[in-house]
Every structure is written in C-alpha cells, then in structure tokens.
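Worksheet: the structure to be examined is printed underneath.
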Amino acid sequence: MTINKLENTIPQLKELRQMEDIFWINPNNESVEEANAKVEYSMADILDASDRLERFAPFIKRAFSDTVETNGMIESFITEIPEFKSYLETYYQTAIHGKMYLKRDDSLPIAGTIKARGAIYEVLKHAETIALEAGLLSGYDDDYTKFISTEFREFFSGRQIVVGTTGNLGISVGTMARALGFEVVIHMSVEAKDWKKEFLRSRGVKVVEHNTNFTEAVNQGRMESMANPVSYFVDDEHSVDLFMGYTVGGLRLKKQLEEANISVDADHPLFVYLPCGIGGSPGGITFGLKQVFGDHVHCFFAEPAHMPSMLLGLMTQEYDNINVTDIDIDGKTVMDGLAVPQTSGFVAELMEHYFDGGLTVSEKDSMHLLAKMNDLENIQLEPAALAGTPGPSRLFQTVEGQTFLDKLNVSDKMDNITHIAWATGGSMVPEEDMQAFIQEGLKTY
Ligand SMILES: *Cc1c(COP(=O)(O)O)cnc(C)c1O
C-alpha cells in the first residue's frame, strides 16, 4: 500500500497527514439495526457487565470511601456549560445550535478518569472468575464484601496483574488490583507523568519505565506476563472485558438524561464527542449508547491532530495495520491519555459500523480550551479531556458537518440537539501540574 495512492482516493487523508484539524464523517456507518446484525456482542453483554458491577458495589463501597455516596457505583454526573459553549461560538466563529453539556468522568471516583470504567471492571471480573474457580466465592449471590477479607487478599497476593499504559490505565488497574491484594506490575510508556509513577509506587505497584511509545510498552508487558502462569495481562489493544466495562457508561446515561429531563428521540438528537486513544473507551461507550438510543444518538471520537490513529485506521481501512508514523506524523502530543500511535484492531473493526465520525484537535486548541474551561466554568480538566469539546463547532462549521446534518434531516430541530462532550479526566492531576497546564493555556490567549 502506498500512502500517496491512498491520498488520491481518500480526500481527507492528506489533511490528516498534514496534521490539520479535520471533521470526518464515517462512510461505513450504518443504522444500529444493520450494525447489530453484523457483530457478535449485544445488549445482553452490556447488562452482564452492569450486573457484575452491581454485585461488586457492596465491596467497592467498603473499600473506597469516595463511593459511599453512590453506594459503590463508579459513576459521574453531567454539567451544562453555557459559558464555554458561547465561547466556542466566538472562538470558532460558528453558531452552535442546541445545549452543550460535559460528562464529568474527570470526577469519577477511585481513579478520576474514564479508565475507571473499563479497567476496574476487568480487574473485578478477573478477581471474580478466579475466586469462583478456587471455591472462595460460592456463586453470584454470595456476599461480595468478602473481597475485603484477609482470606481473599492472601489468595490474590500470590497472583499478578500486569498492564502497559501511557499512565491512566495503570492508575485504574493498579488502584483496584492493589485494593484486592494482587501483586501489580505496570509498564509505562515515555509519556507517563512522574506523579502517576509516584502515586502507583506509593500503593505498592511495581512500575517499569520504558523510553518507548505506548505500543512498545504494551508489547513488553504482554510478553512478560505471558511468561508467568499466575500473571494476568490487561490488554488495552484486544480486551473484550475492558470494552464491556466501558459500555455500561452508555447504558447508565439513559437514566441520567431522563432524570435531567433531557429527551433523546427523533426530534431531539443526541451528539456525543469522545476523546479517543486506543479506542476502547469511546468505542465501548458508543456501543452502549447505540444500544440504548438507537439511531437517535450520533457519536464522534476526538483525537490529537498529532496522533490520529483511529481516524487513520478507519479512513484507510487498515485498522491496526497502520501507524501514524507511516504517514510521517510525529506523534507528539500533550494529550497523554490519547498518545496511541496505532489503534486497536478489535475496536476499530467492531466500531466501524457504529461510529458516526471523528475530529482532530490541535495541541494549541487543547491547551487554549483547557484554560478557558477553567476560566469560564471553573472546571479543571487534563489536556486529553478537552479533545471532544470542539466537536459541536465542527459539526456546524464544516462542509462535512453540514452535509451530515442535511442527511439527518434535522434542519428544523437544530435547537433541540443535546451535545455532550465527554470529559475524560482531571481530578487526580496534582494541583501544581494543573496550574502548569493552565499557565500553558493562558499563553495562547
Ligand atoms: C485513555 C484515555 C482516553 C481514551 O481512552 P481509550 O480507551 O484509550 O481510547 C481519553 N481520555 C483520557 C484522560 C484517557 O486517559
């Protein structure tokens, strides 16, 4: 495959290669009914994951005081952001119809990023599986607060959990796995921030630092884990369990919107913009949302213009066989949670039928919007968490967005649109680091 040849058939590939800000509509998107007929997962899998989290809720509530209020549920709220929305209109010089909200996964309990959804779920599922096999747990109706007991902790302490990460996945996996008593080894890529390494070490996690990118840190972790029979590898690239943990976020949004009196139906479309790294979290949440809201929800994933691995994989239909470096992209981004040069083949191929499209965001805009979010809404997000926020502007500003809206036939319902930008992390960032981000952002004013 030569890139120059592909550029002739895929118009926006050239812009992607030049690291421009783009808005891309997925030509392979299908109706939810059609897409569902092609994939092997369904609502039943989401409900299975949701039930598992519910079984563990009594344990979670006992083990993590920040979940007492939610009864052991790891869930976030939504916040309307009118000032920020109006600033987007000025900054990008485009009217945004409808209301705009942030989904506050920056404030998720236990780990403070969207990773808490998938990673914690996978660790819990693994713990449940081996506890059942060992006969420690008698069945799904047993008392799950037993997971806090010395007996269980001793059992898990002879077992290992390993993960490769740019940082945040490690925080979620490490925190939950250590709470259960597992030995934990985390392979960190070059982007990983020092405070994340220190945080994990202080919890008894073994941190292995790599001077290489995410893909290589993951490969190293996977290899080491496979050589050890009592080791379990949380595989960000291929894990179905991780994906299923994320889907529950989509399922739960339904009730949350109902409680906020926000309708989602043919007359009230929902647009969701999700920051995308390897694809698991935006993929899982989109899958959940599509099962719940059908064709009334439209999901766009947002990537750094310097790291557009999912967009590249889907545009070229090369999925995980293509790396951003193959099109001469440098892969340098401050959005460390999204610093993934090669997408997940599993997620890309599964989600190709569901994703409505995607956008890329410049380094400057992510920092600029970070500072503005702080100024205007007093919400402190990490750089990756801003990636989805320009989404509504792109929808109304670009030819691609306009064409999409025309096709949906919503010209008379524009003001009924609900936009949700998924804010994926922030509350765990140390004050000092957050201030440095804000200062960086202020320089772009
Ligand atoms: C990991 C991460 C994402 C993206 O999730 P993926 O599953 O890697 O696509 C978004 N935001 C933050 C803050 C993250 O840590």
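We name chains A, B, ... following the order of the structure tokens; residues begin at 1 in each chain, and ligands are numbered from 1 as shown.
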Residues of chain A that approach ligand 1 to 7 Å or less, counting only C-alpha atoms and all ligand atoms: could you list each one with the shortest pair of atoms and its distance in Å to one decimal, rows by chain and increasing residue number, as JSON lines?
```
{"residue": "A:Thr113", "atom": "CA", "partner": "ligand 1", "partner_atom_place_in_ligand_line": "13 (C)", "distance": 5.6}
{"residue": "A:Ile114", "atom": "CA", "partner": "ligand 1", "partner_atom_place_in_ligand_line": "12 (C)", "distance": 6.2}
{"residue": "A:Lys115", "atom": "CA", "partner": "ligand 1", "partner_atom_place_in_ligand_line": "1 (C)", "distance": 5.9}
{"residue": "A:Asn168", "atom": "CA", "partner": "ligand 1", "partner_atom_place_in_ligand_line": "15 (O)", "distance": 4.8}
{"residue": "A:Leu169", "atom": "CA", "partner": "ligand 1", "partner_atom_place_in_ligand_line": "1 (C)", "distance": 6.5}
{"residue": "A:Pro275", "atom": "CA", "partner": "ligand 1", "partner_atom_place_in_ligand_line": "10 (C)", "distance": 4.8}
{"residue": "A:Cys276", "atom": "CA", "partner": "ligand 1", "partner_atom_place_in_ligand_line": "9 (O)", "distance": 3.9}
{"residue": "A:Gly277", "atom": "CA", "partner": "ligand 1", "partner_atom_place_in_ligand_line": "9 (O)", "distance": 3.4}
{"residue": "A:Ile278", "atom": "CA", "partner": "ligand 1", "partner_atom_place_in_ligand_line": "8 (O)", "distance": 4.0}
{"residue": "A:Gly279", "atom": "CA", "partner": "ligand 1", "partner_atom_place_in_ligand_line": "9 (O)", "distance": 3.4}
{"residue": "A:Gly280", "atom": "CA", "partner": "ligand 1", "partner_atom_place_in_ligand_line": "7 (O)", "distance": 3.6}
{"residue": "A:Ser281", "atom": "CA", "partner": "ligand 1", "partner_atom_place_in_ligand_line": "7 (O)", "distance": 3.7}
{"residue": "A:Pro282", "atom": "CA", "partner": "ligand 1", "partner_atom_place_in_ligand_line": "9 (O)", "distance": 5.6}
{"residue": "A:Gly337", "atom": "CA", "partner": "ligand 1", "partner_atom_place_in_ligand_line": "15 (O)", "distance": 3.8}
{"residue": "A:Leu338", "atom": "CA", "partner": "ligand 1", "partner_atom_place_in_ligand_line": "3 (C)", "distance": 5.5}
{"residue": "A:Glu382", "atom": "CA", "partner": "ligand 1", "partner_atom_place_in_ligand_line": "13 (C)", "distance": 6.7}
{"residue": "A:Ala384", "atom": "CA", "partner": "ligand 1", "partner_atom_place_in_ligand_line": "11 (N)", "distance": 5.1}
{"residue": "A:Ala385", "atom": "CA", "partner": "ligand 1", "partner_atom_place_in_ligand_line": "11 (N)", "distance": 5.3}
{"residue": "A:Thr424", "atom": "CA", "partner": "ligand 1", "partner_atom_place_in_ligand_line": "11 (N)", "distance": 4.4}
{"residue": "A:Gly425", "atom": "CA", "partner": "ligand 1", "partner_atom_place_in_ligand_line": "13 (C)", "distance": 4.3}
```
Neighbouring residues of A:Asp48 were defined as those with any atom within 12 Å, considering only C-alpha atoms; residues of the same chain fewer than 3 positions away were excluded. Please report them as number ranges by chain.
A: 41-45, 51-55, 121, 125, 140, 241, 244-245, 247-248, 251
Now that the selection is made, can you save its residues with N, CA, C and O atoms as a PDB file, in the first residue's frame?
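Saved as part-v5.pdb:
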```
ATOM      1  N   TYR A  41     -21.612  -8.978  19.671  1.00  0.00           N
ATOM      2  CA  TYR A  41     -21.958  -8.513  21.017  1.00  0.00           C
ATOM      3  C   TYR A  41     -23.306  -7.816  20.983  1.00  0.00           C
ATOM      4  O   TYR A  41     -23.725  -7.312  19.956  1.00  0.00           O
ATOM      5  N   SER A  42     -23.958  -7.796  22.133  1.00  0.00           N
ATOM      6  CA  SER A  42     -25.300  -7.218  22.153  1.00  0.00           C
ATOM      7  C   SER A  42     -25.591  -6.621  23.527  1.00  0.00           C
ATOM      8  O   SER A  42     -24.765  -6.644  24.429  1.00  0.00           O
ATOM      9  N   MET A  43     -26.816  -6.133  23.661  1.00  0.00           N
ATOM     10  CA  MET A  43     -27.285  -5.573  24.927  1.00  0.00           C
ATOM     11  C   MET A  43     -27.087  -6.569  26.072  1.00  0.00           C
ATOM     12  O   MET A  43     -26.817  -6.168  27.206  1.00  0.00           O
ATOM     13  N   ALA A  44     -27.216  -7.855  25.778  1.00  0.00           N
ATOM     14  CA  ALA A  44     -27.067  -8.865  26.845  1.00  0.00           C
ATOM     15  C   ALA A  44     -25.679  -8.775  27.484  1.00  0.00           C
ATOM     16  O   ALA A  44     -25.536  -8.936  28.702  1.00  0.00           O
ATOM     17  N   ASP A  45     -24.662  -8.505  26.664  1.00  0.00           N
ATOM     18  CA  ASP A  45     -23.301  -8.394  27.204  1.00  0.00           C
ATOM     19  C   ASP A  45     -23.167  -7.158  28.088  1.00  0.00           C
ATOM     20  O   ASP A  45     -22.458  -7.170  29.092  1.00  0.00           O
ATOM     21  N   ASP A  51     -24.524  -5.913  35.637  1.00  0.00           N
ATOM     22  CA  ASP A  51     -24.866  -6.757  36.796  1.00  0.00           C
ATOM     23  C   ASP A  51     -23.626  -7.063  37.635  1.00  0.00           C
ATOM     24  O   ASP A  51     -23.682  -7.087  38.869  1.00  0.00           O
ATOM     25  N   ARG A  52     -22.523  -7.328  36.947  1.00  0.00           N
ATOM     26  CA  ARG A  52     -21.281  -7.639  37.676  1.00  0.00           C
ATOM     27  C   ARG A  52     -20.862  -6.449  38.539  1.00  0.00           C
ATOM     28  O   ARG A  52     -20.508  -6.609  39.704  1.00  0.00           O
ATOM     29  N   LEU A  53     -20.929  -5.255  37.971  1.00  0.00           N
ATOM     30  CA  LEU A  53     -20.568  -4.061  38.743  1.00  0.00           C
ATOM     31  C   LEU A  53     -21.510  -3.889  39.939  1.00  0.00           C
ATOM     32  O   LEU A  53     -21.102  -3.453  41.004  1.00  0.00           O
ATOM     33  N   GLU A  54     -22.750  -4.261  39.740  1.00  0.00           N
ATOM     34  CA  GLU A  54     -23.707  -4.161  40.842  1.00  0.00           C
ATOM     35  C   GLU A  54     -23.389  -5.173  41.954  1.00  0.00           C
ATOM     36  O   GLU A  54     -23.489  -4.857  43.137  1.00  0.00           O
ATOM     37  N   ARG A  55     -22.976  -6.379  41.547  1.00  0.00           N
ATOM     38  CA  ARG A  55     -22.599  -7.379  42.558  1.00  0.00           C
ATOM     39  C   ARG A  55     -21.424  -6.894  43.399  1.00  0.00           C
ATOM     40  O   ARG A  55     -21.349  -7.169  44.581  1.00  0.00           O
ATOM     41  N   TYR A 121     -13.494  -2.576  35.907  1.00  0.00           N
ATOM     42  CA  TYR A 121     -14.387  -3.693  35.572  1.00  0.00           C
ATOM     43  C   TYR A 121     -13.595  -4.957  35.248  1.00  0.00           C
ATOM     44  O   TYR A 121     -13.897  -6.045  35.736  1.00  0.00           O
ATOM     45  N   LYS A 125     -13.705  -8.462  37.225  1.00  0.00           N
ATOM     46  CA  LYS A 125     -14.166  -9.687  36.573  1.00  0.00           C
ATOM     47  C   LYS A 125     -13.130 -10.799  36.741  1.00  0.00           C
ATOM     48  O   LYS A 125     -13.475 -11.954  37.013  1.00  0.00           O
ATOM     49  N   TYR A 140     -22.731 -16.171  42.301  1.00  0.00           N
ATOM     50  CA  TYR A 140     -23.024 -14.746  42.119  1.00  0.00           C
ATOM     51  C   TYR A 140     -23.834 -14.152  43.265  1.00  0.00           C
ATOM     52  O   TYR A 140     -23.875 -12.940  43.439  1.00  0.00           O
ATOM     53  N   ASP A 241     -13.255  -7.622  27.730  1.00  0.00           N
ATOM     54  CA  ASP A 241     -13.763  -7.254  29.061  1.00  0.00           C
ATOM     55  C   ASP A 241     -13.629  -5.755  29.318  1.00  0.00           C
ATOM     56  O   ASP A 241     -14.539  -5.117  29.846  1.00  0.00           O
ATOM     57  N   MET A 244     -16.266  -4.014  27.453  1.00  0.00           N
ATOM     58  CA  MET A 244     -17.597  -4.184  28.044  1.00  0.00           C
ATOM     59  C   MET A 244     -17.782  -3.306  29.288  1.00  0.00           C
ATOM     60  O   MET A 244     -18.877  -2.815  29.548  1.00  0.00           O
ATOM     61  N   GLY A 245     -16.703  -3.128  30.035  1.00  0.00           N
ATOM     62  CA  GLY A 245     -16.793  -2.237  31.196  1.00  0.00           C
ATOM     63  C   GLY A 245     -17.192  -0.829  30.770  1.00  0.00           C
ATOM     64  O   GLY A 245     -18.035  -0.180  31.405  1.00  0.00           O
ATOM     65  N   THR A 247     -18.930   0.000  28.127  1.00  0.00           N
ATOM     66  CA  THR A 247     -20.286   0.076  27.557  1.00  0.00           C
ATOM     67  C   THR A 247     -21.330   0.477  28.599  1.00  0.00           C
ATOM     68  O   THR A 247     -22.336   1.103  28.263  1.00  0.00           O
ATOM     69  N   VAL A 248     -21.055   0.106  29.860  1.00  0.00           N
ATOM     70  CA  VAL A 248     -22.027   0.391  30.925  1.00  0.00           C
ATOM     71  C   VAL A 248     -22.237   1.904  31.081  1.00  0.00           C
ATOM     72  O   VAL A 248     -23.324   2.361  31.439  1.00  0.00           O
ATOM     73  N   LEU A 251     -25.022   2.784  28.853  1.00  0.00           N
ATOM     74  CA  LEU A 251     -26.287   2.296  29.413  1.00  0.00           C
ATOM     75  C   LEU A 251     -26.812   3.235  30.502  1.00  0.00           C
ATOM     76  O   LEU A 251     -27.984   3.604  30.531  1.00  0.00           O
TER      77      LEU A 251
END
```
For A:Leu376, find every residue with an atom within 8 Å (counting only C-alpha atoms), except residues of its own chain fewer than 4 positions away, and show them as number ranges by chain.
A: 83-84, 372
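Nearest residue to A:Glu440 among A:Gln380, A:Leu370, A:Phe404, A:Asn36 is A:Leu370, counting only C-alpha atoms.
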With only C-alpha atoms as the counted atoms, please give the residues lying no more than 9 Å from A:Met307, apart from itself and same-chain residues fewer than 2 positions off, as a ChimeraX atom specification.
/A:19,277,303-305,309-310,324,329-333,338-342,360
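Each of A:Gly250, A:Gly170, A:Pro229, A:Gly139 was compared to A:Ser76 using only C-alpha atoms, and A:Gly250 turns out to be the nearest.
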Using only C-alpha atoms, determine which residues lie at most 9 Å from A:Phe437, disregarding the query and same-chain residues fewer than 2 positions distant; provide the list as a list in words.
Met367, Leu370, Ala371, Glu382, Pro383, Glu432, Asp433, Met434, Gln435, Gln439, Glu440, Gly441 and Leu442 of chain A
Dump of C-alpha atoms for the selected residues, as a PDB file, in the first residue's frame:
```
ATOM      1  CA  MET A 367      -4.437  23.915  25.897  1.00  0.00           C
ATOM      2  CA  LEU A 370      -8.284  23.875  28.956  1.00  0.00           C
ATOM      3  CA  ALA A 371      -7.566  27.370  30.251  1.00  0.00           C
ATOM      4  CA  GLU A 382      -6.438  17.347  31.819  1.00  0.00           C
ATOM      5  CA  PRO A 383      -5.473  18.104  28.191  1.00  0.00           C
ATOM      6  CA  GLU A 432       0.873  22.022  40.709  1.00  0.00           C
ATOM      7  CA  ASP A 433       0.620  20.166  37.393  1.00  0.00           C
ATOM      8  CA  MET A 434      -2.866  21.549  36.780  1.00  0.00           C
ATOM      9  CA  GLN A 435      -1.615  25.092  37.360  1.00  0.00           C
ATOM     10  CA  GLN A 439      -0.432  28.670  32.549  1.00  0.00           C
ATOM     11  CA  GLU A 440       0.451  26.929  29.279  1.00  0.00           C
ATOM     12  CA  GLY A 441      -3.109  27.520  28.056  1.00  0.00           C
ATOM     13  CA  LEU A 442      -3.091  31.179  29.049  1.00  0.00           C
TER      14      LEU A 442
END
```
Excluding A:Thr150 and residues on its chain fewer than 3 positions from it, collect all residues at most 12 Å away from it, counting only C-alpha atoms, and give them as a PyMOL selection string.
chain A and resi 136+145-147+153-157+179-181
Could you turn the residues from that selection into a file that holds N, CA, C and O atoms, as a JSON list (two decimals), in the first residue's frame?
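Output (selection.json):
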```json
[["chain", "number", "residue", "atom", "x", "y", "z"],
["A", 136, "LEU", "N", -13.60, -19.97, 46.65],
["A", 136, "LEU", "CA", -13.65, -18.96, 47.71],
["A", 136, "LEU", "C", -15.01, -18.25, 47.70],
["A", 136, "LEU", "O", -15.54, -17.87, 48.73],
["A", 145, "THR", "N", -18.72, -8.55, 49.88],
["A", 145, "THR", "CA", -17.84, -7.81, 50.78],
["A", 145, "THR", "C", -16.70, -8.71, 51.27],
["A", 145, "THR", "O", -15.72, -8.23, 51.83],
["A", 146, "LYS", "N", -16.82, -10.02, 51.02],
["A", 146, "LYS", "CA", -15.73, -10.94, 51.32],
["A", 146, "LYS", "C", -14.43, -10.56, 50.62],
["A", 146, "LYS", "O", -13.35, -10.98, 51.03],
["A", 147, "PHE", "N", -14.57, -9.83, 49.52],
["A", 147, "PHE", "CA", -13.35, -9.46, 48.78],
["A", 147, "PHE", "C", -12.44, -8.55, 49.60],
["A", 147, "PHE", "O", -11.30, -8.32, 49.23],
["A", 153, "ARG", "N", -7.58, -11.54, 50.28],
["A", 153, "ARG", "CA", -6.38, -10.76, 49.97],
["A", 153, "ARG", "C", -5.15, -11.66, 49.89],
["A", 153, "ARG", "O", -4.30, -11.50, 49.03],
["A", 154, "GLU", "N", -5.10, -12.62, 50.80],
["A", 154, "GLU", "CA", -3.96, -13.55, 50.77],
["A", 154, "GLU", "C", -3.98, -14.38, 49.50],
["A", 154, "GLU", "O", -2.94, -14.64, 48.89],
["A", 155, "PHE", "N", -5.17, -14.81, 49.12],
["A", 155, "PHE", "CA", -5.30, -15.58, 47.88],
["A", 155, "PHE", "C", -4.81, -14.76, 46.67],
["A", 155, "PHE", "O", -4.01, -15.23, 45.87],
["A", 156, "PHE", "N", -5.23, -13.51, 46.59],
["A", 156, "PHE", "CA", -4.83, -12.69, 45.43],
["A", 156, "PHE", "C", -3.36, -12.27, 45.50],
["A", 156, "PHE", "O", -2.75, -12.00, 44.47],
["A", 157, "SER", "N", -2.80, -12.23, 46.68],
["A", 157, "SER", "CA", -1.42, -11.73, 46.80],
["A", 157, "SER", "C", -0.41, -12.65, 46.11],
["A", 157, "SER", "O", 0.68, -12.21, 45.77],
["A", 179, "ALA", "N", -6.08, -2.89, 45.85],
["A", 179, "ALA", "CA", -7.12, -2.96, 46.89],
["A", 179, "ALA", "C", -7.58, -4.39, 47.12],
["A", 179, "ALA", "O", -7.98, -4.76, 48.22],
["A", 180, "LEU", "N", -7.49, -5.20, 46.07],
["A", 180, "LEU", "CA", -7.88, -6.61, 46.21],
["A", 180, "LEU", "C", -6.73, -7.46, 46.75],
["A", 180, "LEU", "O", -6.96, -8.59, 47.18],
["A", 181, "GLY", "N", -5.51, -6.92, 46.70],
["A", 181, "GLY", "CA", -4.37, -7.66, 47.23],
["A", 181, "GLY", "C", -3.43, -8.22, 46.18],
["A", 181, "GLY", "O", -2.42, -8.82, 46.51]]
```
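With distances taken over only C-alpha atoms, A:Lys85 is the one residue among A:Thr67, A:His298, A:Lys85, A:Arg394 lying closest to A:Leu369.
From atom CA of A:Met176 back to atom CA of A:Phe59, the distance works out to 11.2 Å.
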Would you kindly return, as a CSV table (one decimal) with N, CA, C and O atoms, in the first residue's frame, each protein, DNA or RNA residue with an atom no farther than 12 Å from any atom of A:Gln12, considering only C-alpha atoms and excluding same-chain residues fewer than 2 positions away?
```csv
chain,number,residue,atom,x,y,z
A,6,LEU,N,-3.2,6.1,-1.8
A,6,LEU,CA,-4.4,6.2,-0.9
A,6,LEU,C,-4.9,7.7,-0.9
A,6,LEU,O,-6.1,7.9,-0.8
A,7,GLU,N,-4.0,8.6,-0.9
A,7,GLU,CA,-4.4,10.0,-0.8
A,7,GLU,C,-5.3,10.4,-1.9
A,7,GLU,O,-6.1,11.3,-1.8
A,8,ASN,N,-5.1,9.8,-3.0
A,8,ASN,CA,-5.9,10.1,-4.2
A,8,ASN,C,-7.4,9.7,-4.0
A,8,ASN,O,-8.3,10.3,-4.6
A,9,THR,N,-7.6,8.6,-3.3
A,9,THR,CA,-8.9,8.1,-3.2
A,9,THR,C,-9.6,8.5,-1.9
A,9,THR,O,-10.8,8.5,-1.8
A,10,ILE,N,-8.8,8.9,-0.9
A,10,ILE,CA,-9.4,9.4,0.4
A,10,ILE,C,-9.0,10.8,0.6
A,10,ILE,O,-7.9,11.2,1.0
A,14,LYS,N,-5.0,13.5,3.2
A,14,LYS,CA,-3.9,14.5,3.0
A,14,LYS,C,-3.9,15.5,4.2
A,14,LYS,O,-2.9,15.8,4.7
A,15,GLU,N,-5.1,16.0,4.5
A,15,GLU,CA,-5.2,16.9,5.6
A,15,GLU,C,-4.8,16.2,7.0
A,15,GLU,O,-4.2,16.9,7.8
A,16,LEU,N,-5.2,15.0,7.1
A,16,LEU,CA,-4.8,14.2,8.3
A,16,LEU,C,-3.3,14.1,8.4
A,16,LEU,O,-2.7,14.4,9.4
A,17,ARG,N,-2.7,13.8,7.2
A,17,ARG,CA,-1.2,13.7,7.2
A,17,ARG,C,-0.5,15.0,7.5
A,17,ARG,O,0.6,15.1,8.1
A,18,GLN,N,-1.2,16.1,7.1
A,18,GLN,CA,-0.6,17.4,7.4
A,18,GLN,C,-0.9,17.9,8.8
A,18,GLN,O,-0.7,19.1,9.1
A,19,MET,N,-1.6,17.1,9.6
A,19,MET,CA,-1.9,17.3,11.0
A,19,MET,C,-2.8,18.6,11.1
A,19,MET,O,-2.7,19.4,12.0
A,20,GLU,N,-3.7,18.7,10.1
A,20,GLU,CA,-4.7,19.8,10.2
A,20,GLU,C,-5.9,19.3,11.1
A,20,GLU,O,-6.1,18.1,11.4
A,21,ASP,N,-6.7,20.3,11.5
A,21,ASP,CA,-7.9,20.0,12.3
A,21,ASP,C,-9.0,19.6,11.3
A,21,ASP,O,-9.4,20.4,10.5
A,22,ILE,N,-9.5,18.3,11.4
A,22,ILE,CA,-10.5,17.9,10.4
A,22,ILE,C,-11.7,17.4,11.1
A,22,ILE,O,-11.7,17.1,12.3
A,23,PHE,N,-12.8,17.4,10.4
A,23,PHE,CA,-14.0,16.7,10.8
A,23,PHE,C,-14.4,15.7,9.7
A,23,PHE,O,-14.5,16.0,8.6
A,24,TRP,N,-14.5,14.4,10.2
A,24,TRP,CA,-14.6,13.3,9.2
A,24,TRP,C,-15.9,12.6,9.5
A,24,TRP,O,-16.2,12.3,10.6
A,25,ILE,N,-16.6,12.3,8.4
A,25,ILE,CA,-17.8,11.5,8.6
A,25,ILE,C,-17.5,10.1,8.1
A,25,ILE,O,-16.9,9.9,7.0
A,26,ASN,N,-17.8,9.1,8.9
A,26,ASN,CA,-17.5,7.7,8.6
A,26,ASN,C,-18.5,7.2,7.5
A,26,ASN,O,-19.7,7.1,7.7
A,311,LEU,N,-8.7,7.4,13.5
A,311,LEU,CA,-9.1,8.0,12.2
A,311,LEU,C,-8.3,7.4,11.0
A,311,LEU,O,-8.9,7.1,10.0
A,312,LEU,N,-7.0,7.3,11.2
A,312,LEU,CA,-6.2,6.8,10.2
A,312,LEU,C,-6.6,5.3,9.9
A,312,LEU,O,-6.7,4.9,8.7
A,314,LEU,N,-9.4,3.8,10.3
A,314,LEU,CA,-10.7,3.7,9.7
A,314,LEU,C,-10.8,4.3,8.3
A,314,LEU,O,-11.4,3.7,7.4
A,315,MET,N,-10.1,5.4,8.1
A,315,MET,CA,-10.1,6.1,6.8
A,315,MET,C,-9.5,5.1,5.7
A,315,MET,O,-10.0,5.0,4.7
A,316,THR,N,-8.4,4.5,6.1
A,316,THR,CA,-7.7,3.7,5.2
A,316,THR,C,-8.2,2.2,5.2
A,316,THR,O,-7.8,1.4,4.4
A,358,GLY,N,-15.4,11.5,13.2
A,358,GLY,CA,-14.3,11.9,14.1
A,358,GLY,C,-13.8,13.2,13.9
A,358,GLY,O,-14.1,13.8,12.8
A,359,LEU,N,-13.0,13.7,14.8
A,359,LEU,CA,-12.3,15.0,14.6
A,359,LEU,C,-10.9,15.0,15.1
A,359,LEU,O,-10.6,14.2,16.0
A,360,THR,N,-10.1,15.9,14.6
A,360,THR,CA,-8.7,16.0,15.2
A,360,THR,C,-8.6,17.4,15.8
A,360,THR,O,-9.2,18.4,15.3
A,400,GLU,N,-18.4,19.0,5.9
A,400,GLU,CA,-18.7,17.6,6.3
A,400,GLU,C,-19.9,17.6,7.3
A,400,GLU,O,-20.8,16.8,7.2
```
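Proximity of A:Ser263, A:Ser344, A:Thr129, A:Ser107 to A:Val218, computed with only C-alpha atoms, is greatest for A:Ser344.
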Within stretch 97-236 of chain A, find each residue whose DSSP state, derived from the backbone, is helix (DSSP H, G or I), and express the selection as a VMD selection string.
chain A and resid 105 to 107 115 to 133 144 to 148 150 to 157 168 to 180 194 to 202 214 to 226
